[in-house]
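Taking it in order: structure first as structure tokens, then the write-up.
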Amino acid sequence: MDVAGVTSAAIVLILIFALIWAWRVLNWLWLRPKKLERLLREQGLKGNPYKFLVGDMNDFLNMQKEAQSKPMGLSDDIVSHVSPYFEHSVNKHGKNSFIWFGPTPRFTCTDPELIKDVLNKIYDFPKPDNNPLAKLLVSGLVTHEGEIWRKHRKIINPAFSLEKLKIMLPIFFRSCYDLISKWEGMLSPDGSCEMDVWPFLQNLASDVISRTAFGSSYEEGMRIFQLQKEQGELTMKVIMKVYIPGWRFLPTPTHRRMKEISRDINDSLKKIINKRERALKEGEASKNDLLDILLESNHKEIQEYGSKKNVGLNLKDVIEECKLFYFAGEETTSVLLVWTMVLLSRYPNWQERAREEVVKVFGNEKPDFDGLSHLKIVTMILYEVLRLYPPVIGLARNVHKDVKLGNITLPAGVQISIPKLLVHHDSELWGDDATEFNPERFSEGLLKATKGRVSFFPFGWGPRICIGQNFSLLEAKMALSVILQRFSFELSPAYAHAPVTVITLQPQYGAHIILRKVGA
């Protein structure tokens with residue numbers, strides 16, 4: 001073939017590839033979204049017409065920006081401040097509606113029976129394949145699917161058993177005692193002090209997870225936590241933009257920094273894990289922390305099923321699970337504690353009832369496991385805080401094949417959005433006082449409060465319910481008990497109420513509180 005012929009053939013191939021690429025882009029950005037929109041509307045579902053590429057994202061982000069530009073009033077009716085676009089969409093289109101997350105429609109699922117179906121059928125409704133950059137913050141058990149998820153869950157489960165949690169309780173107390181000592185050292189001669197408790201509670205939760213996971217104090221793990229915090233803020237920037245395949249490979253300042261942080265954290269964790277592996281092989285006694293338990297469980301799995309393929313966790317797997325320990329262990333408990341202190345500051349009668357219970361059970365002694373397990377009023381309060389201020393305000397699931405959900409047929413390519421915050425604040429499910437702080441609703445237990453419906457799921461629900469929920473609740477009970485034994489507290493005039501989502505639901509301007517030594 002002559003040169004002209006080769007050139008012509010190359011041009012034809014380039015044109016074919018260009019046409020294929022153009023068709024795929026057109027299908028992704030227009031044809032497929034319009035087809036999905038038509039199928040959803042045929043089901044009686046309502047939503048805005050699809051806008052090329054962005055969908056509803058511009059309105060979503062503008063409403064979010066407006067809400068976060070100033071504090072809200074001192075109220076627990078926080079949906080319009082935290083999730084303004086979801087509230088707007090439901091008010092405009094009804095509960096059976098959808099929104100556009102870029103070119104992907106998300107069906108808004110608020111019916112408890114449908115939520116139960118979605119969260120139970122984990123193979124029909126897997127977690128979305130999120131922006132790969134988001135996985136730099138956290139992956140592991142929380143992002144895995146199928147057999148990989150089953151393997152990780154089985155190996156990690158022993159670390160969160162009741163017996164192991166009992167062993168970790170003295171570590172919880174030590175971290176809480178250190179916090180109390182700091183606060184007592186800050187008191188003025190009249191026994192009071194005004195402070196922002198939010199960073200202290202973050203440090204407390206960081207200290208607990210660092211000691212229980214790796215046997216080190218918060219000071220030793222501080223750098224990792226600071227990096228994780230920065231990674232969380234960068235991740236929020238990334239996931240609030242329309243995901244464009246291949247965009248993550250562009251060396252933008254955000255992308256470069258995220259990858260740099262990830263490498264830094266991975267290197268630090270690799271050193272910790274390798275050191276612990278060597279200690280275990282040399283026969284050193286187990287420290288009974290999460291890492292030791294995880295490694296021992298992993299070795300047992302490998303010894304038992306070593307002849308099979310893909311048995312056990314490799315070093316990369318263990319690093320990802322350690323990052324998850326760090327992130328989930330710190331984030332969930334710290335936000336639960338900060339909102340509990342804010343709410344008990346606003347409702348002194350419930351603060352006093354909780355203190356009376358704690359003093360009745362423990363006096364001034366160190367809280368123990370049996371006593372913490374029998375704190376009814378404290379448990380009611382924590383449940384109500386988790387209802388009004390769930391750490392994670394929503395869940396998302398994929399529909400990878402046409403599937404029936406109730407009387408709706410959802411086509412492949414749609415996503416399901418479960419707006420946890422909206423469900424937790426729904427007056428049809430919780431009554432006229434749904435947006436008010438009333439722990440009494442949990443006085444007869446979760447089943448009675450929810451009337452058996454899946455309307456309360458702060459840690460998720462079904463087979464994929466958060467593996468660390470008992471860890472988090474036990475830590476929160478210990479911390480709250482120790483605080484109530486020694487301090488009363490009220491909101492400072494400097495407090496500005498502004499819940500905001502930075503991965504978890506946090507106080508945008510901190511939590512300024514006046515502490516007073518009990519009996520002072």
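By order of appearance in the structure tokens: chains A, B, ..., then residues from 1 within every chain, and ligands from 1 in the order shown.
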Among region 175-327 of chain A, which residues does DSSP mark as strand (DSSP E or B) when it is run on the backbone? Keep the chain and numbering as in the structure and answer as number ranges by chain. A: 192-196
So which residues touch Ser139 (chain A) within 10 Å, counting only C-alpha atoms, skipping near sequence neighbours fewer than 3 positions away, as a list in words?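 After dropping sequence-adjacent residues, the list is Pro132, Ala134, Lys135, Leu136, Val142, Thr143, His144, Asp317, Ile319, Glu320, Glu321, Cys322, Lys323 and Leu324 of chain A.
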So that I have them on file, write out the residues from the current selection with C-alpha atoms, as a PDB file, in the first residue's frame.
ATOM      1  CA  PRO A 132     -12.414   8.077  42.298  1.00  0.00           C
ATOM      2  CA  ALA A 134     -13.301  10.780  46.830  1.00  0.00           C
ATOM      3  CA  LYS A 135     -11.819   7.351  47.572  1.00  0.00           C
ATOM      4  CA  LEU A 136      -8.551   9.051  48.471  1.00  0.00           C
ATOM      5  CA  VAL A 142     -17.591   1.349  53.398  1.00  0.00           C
ATOM      6  CA  THR A 143     -17.070   1.337  49.608  1.00  0.00           C
ATOM      7  CA  HIS A 144     -16.631  -2.349  48.784  1.00  0.00           C
ATOM      8  CA  ASP A 317      -6.425  -3.393  52.139  1.00  0.00           C
ATOM      9  CA  ILE A 319      -4.111   0.596  55.059  1.00  0.00           C
ATOM     10  CA  GLU A 320      -7.550   1.467  53.642  1.00  0.00           C
ATOM     11  CA  GLU A 321      -9.312  -0.060  56.651  1.00  0.00           C
ATOM     12  CA  CYS A 322      -7.014   1.892  58.988  1.00  0.00           C
ATOM     13  CA  LYS A 323      -7.900   5.121  57.178  1.00  0.00           C
ATOM     14  CA  LEU A 324     -11.547   4.198  57.671  1.00  0.00           C
TER      15      LEU A 324
END
I'd like to know which residues of region 135-198 of chain A are alpha helix (DSSP H) (by DSSP, run on the backbone); could you write them as a short mmCIF file (atom, residue, chain, number, x, y, z; two decimals) with C-alpha atoms, in the first residue's frame?
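File produced: out_39.cif:
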data_model
loop_
_atom_site.label_atom_id
_atom_site.label_comp_id
_atom_site.auth_asym_id
_atom_site.auth_seq_id
_atom_site.Cartn_x
_atom_site.Cartn_y
_atom_site.Cartn_z
CA GLY A 146 -20.14 -8.17 46.75
CA GLU A 147 -17.65 -10.83 47.81
CA ILE A 148 -14.92 -8.29 48.61
CA TRP A 149 -17.28 -6.56 51.06
CA ARG A 150 -18.25 -9.92 52.64
CA LYS A 151 -14.58 -10.85 53.09
CA HIS A 152 -13.65 -7.50 54.68
CA ARG A 153 -16.71 -7.48 56.94
CA LYS A 154 -15.94 -11.01 58.20
CA ILE A 155 -12.31 -10.17 59.00
CA ILE A 156 -13.08 -6.80 60.64
CA LEU A 162 -18.88 -6.72 72.66
CA GLU A 163 -15.97 -8.39 74.44
CA LYS A 164 -13.42 -6.26 72.63
CA LEU A 165 -15.39 -3.08 73.35
CA LYS A 166 -15.33 -3.92 77.07
CA ILE A 167 -11.54 -4.21 76.90
CA MET A 168 -11.33 -0.80 75.23
CA LEU A 169 -13.46 0.99 77.84
CA PRO A 170 -10.49 2.05 80.06
CA ILE A 171 -8.97 3.70 76.96
CA PHE A 172 -12.21 5.64 76.43
CA PHE A 173 -12.07 6.80 80.06
CA ARG A 174 -8.41 7.82 79.87
CA SER A 175 -9.06 10.06 76.86
CA CYS A 176 -12.17 11.54 78.49
CA TYR A 177 -10.27 12.15 81.74
CA ASP A 178 -7.54 14.01 79.82
CA LEU A 179 -10.23 16.25 78.27
CA ILE A 180 -11.83 16.96 81.64
CA SER A 181 -8.44 17.81 83.13
CA LYS A 182 -7.81 20.33 80.34
CA TRP A 183 -11.19 21.96 80.91
CA GLU A 184 -10.71 22.11 84.68
CA GLY A 185 -7.36 23.79 84.11
CA VAL A 197 -15.94 22.93 72.68
CA TRP A 198 -15.96 21.70 69.05
#
Just checking: using only C-alpha atoms, which residue out of A:Lys366, A:Arg223, A:Lys229, A:Arg278 ends up closest to Met478 (chain A)?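 Smallest distance to Met478 (chain A) is found for A:Lys366.
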With a distance cut-off of 12 Å and only C-alpha atoms, select the neighbouring residues of Glu194 (chain A), excluding the residue or stretch itself and same-chain residues fewer than 4 positions from it, and output the selection as a count of residues only. 20
Considering only C-alpha atoms, return as a ChimeraX atom specification whatever protein or nucleic-acid residues lie within 10 Å of Asn157 (chain A), sequence-local ones (same chain, fewer than 4 positions apart) excluded. /A:152-153,161,293-294,297,467-468
For each of A:Trp30, A:Val518, A:Leu280, A:Pro411, take the minimum atom-to-atom distance to Val54 (chain A), counting only C-alpha atoms, then give the residue where this is smallest.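 Distance minimum relative to Val54 (chain A) lands on A:Trp30.
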